[in-house]
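Notes to accompany the following structure.
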Amino acid sequence: MDQKFKKILQENIPAFALQLNEIAEQIDNEEKPLEKEFIQKLLDKVRPLYVDAKKDHLHFWSKVRILKNDKHIKEDVTTTEVLDAVEVQIDANYNCINIELEKLHTYHKDRAELERNLQRAQGNKALEEFDQKTLDVLRVNLEETRDFLIVLLTLAEEKMQILLTTSEETKATKNEQMSMYT
């Protein structure tokens with residue numbers, strides 16, 4: 001489990017943060033950002049990233065909870081505080097990703113509904129405003145998620161040694177206890 005945890009921390013989360021940053025820059029640099037094809041391409045690019053990130057966050061969260069429930073770790077106030085801080089950050093980031101995924105899933109339905117209602121009234125101006133708002137919110141959320149990831153990485157990297165050594169010490173203690181009975 002520690003190898004997968006290290007991979008998530010050292011490879012997956014930094015790569016995810018970089019990809020989010022690249023997509024946010026792509027939105028800013030696009031000449032025709034309100035074209036339906038461009039928005040669709042962005043949504044298709046972002047959705048799998050968020051799904052993978054949710055999986056990694058759940059794994060990370062489970063690792064932290066396992067450590068928090070260890071009786072030796074519960075006795076160490078410093079480590080418990082570190083784990084609490086990491087867990088709060090994971091929770092905030094996970095919730096942010098869930099909210100963004102929900103917006104991505106409802107974009108087409110909301111746009112189609114708006115389009116049906118507007119055929120009788122205003123025309124394309126409202127659709128352009130809807131698409132612009134969608135892009136603006138997407139860009140802000142990409143940057144917000146990226147920032148959450150950076151904070152999480154910083155927090156985890158500072159305390160990673162505590163997390164990993166505590167986990168190894170716990171395993172060693174359990175192995176010693178088991179060997180006493182054999």
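In the structure tokens, chains take letters A, B, ... by order of appearance, with residues numbered from 1 within each chain and ligands from 1 in the order shown.
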Within 7 Å of A:Tyr50 using only C-alpha atoms, minus same-chain residues under 3 positions, as a ChimeraX atom specification: /A:46-47,53-54,97,101
Restricting the calculation to only C-alpha atoms: of A:Lys109, A:Lys125, A:Lys103, A:Lys68, which residue gets closest to A:Val86?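 Nearest candidate to A:Val86 out of A:Lys109, A:Lys125, A:Lys103, A:Lys68: A:Lys68.
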One decimal place gives the atom CA of A:Ile23-atom CA of A:Glu143 separation as 9.4 Å
Between atom CA of A:Lys4 and atom CA of A:Asn69 - distance in Å to one decimal: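 About the pair atom CA of A:Asn69 and atom CA of A:Lys4: they are 19.6 Å apart.
Here the question is which of A:Tyr94, A:Phe38, A:Phe60, A:Phe148 gets nearest to A:Gln132 using only C-alpha atoms, and that residue is A:Phe38.
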Residue nearest A:Asp131 among A:Leu114, A:Ala15, A:Cys96, A:Leu153 (counting only C-alpha atoms): A:Leu114
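Counting from atom CA of A:Leu9, the distance to atom CA of A:Val151 is 12.1 Å.
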Given the choices A:Ala156, A:Asp110, A:Asp147, A:Ile66, which gets closest to A:Val82 if the distance is worked out from only C-alpha atoms?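 So, comparing all the options, the nearest one is A:Ala156.
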Of A:Ile13, A:Ala112, A:Ile90, A:Leu42, the one nearest to A:Ile27 when counting only C-alpha atoms is A:Leu42
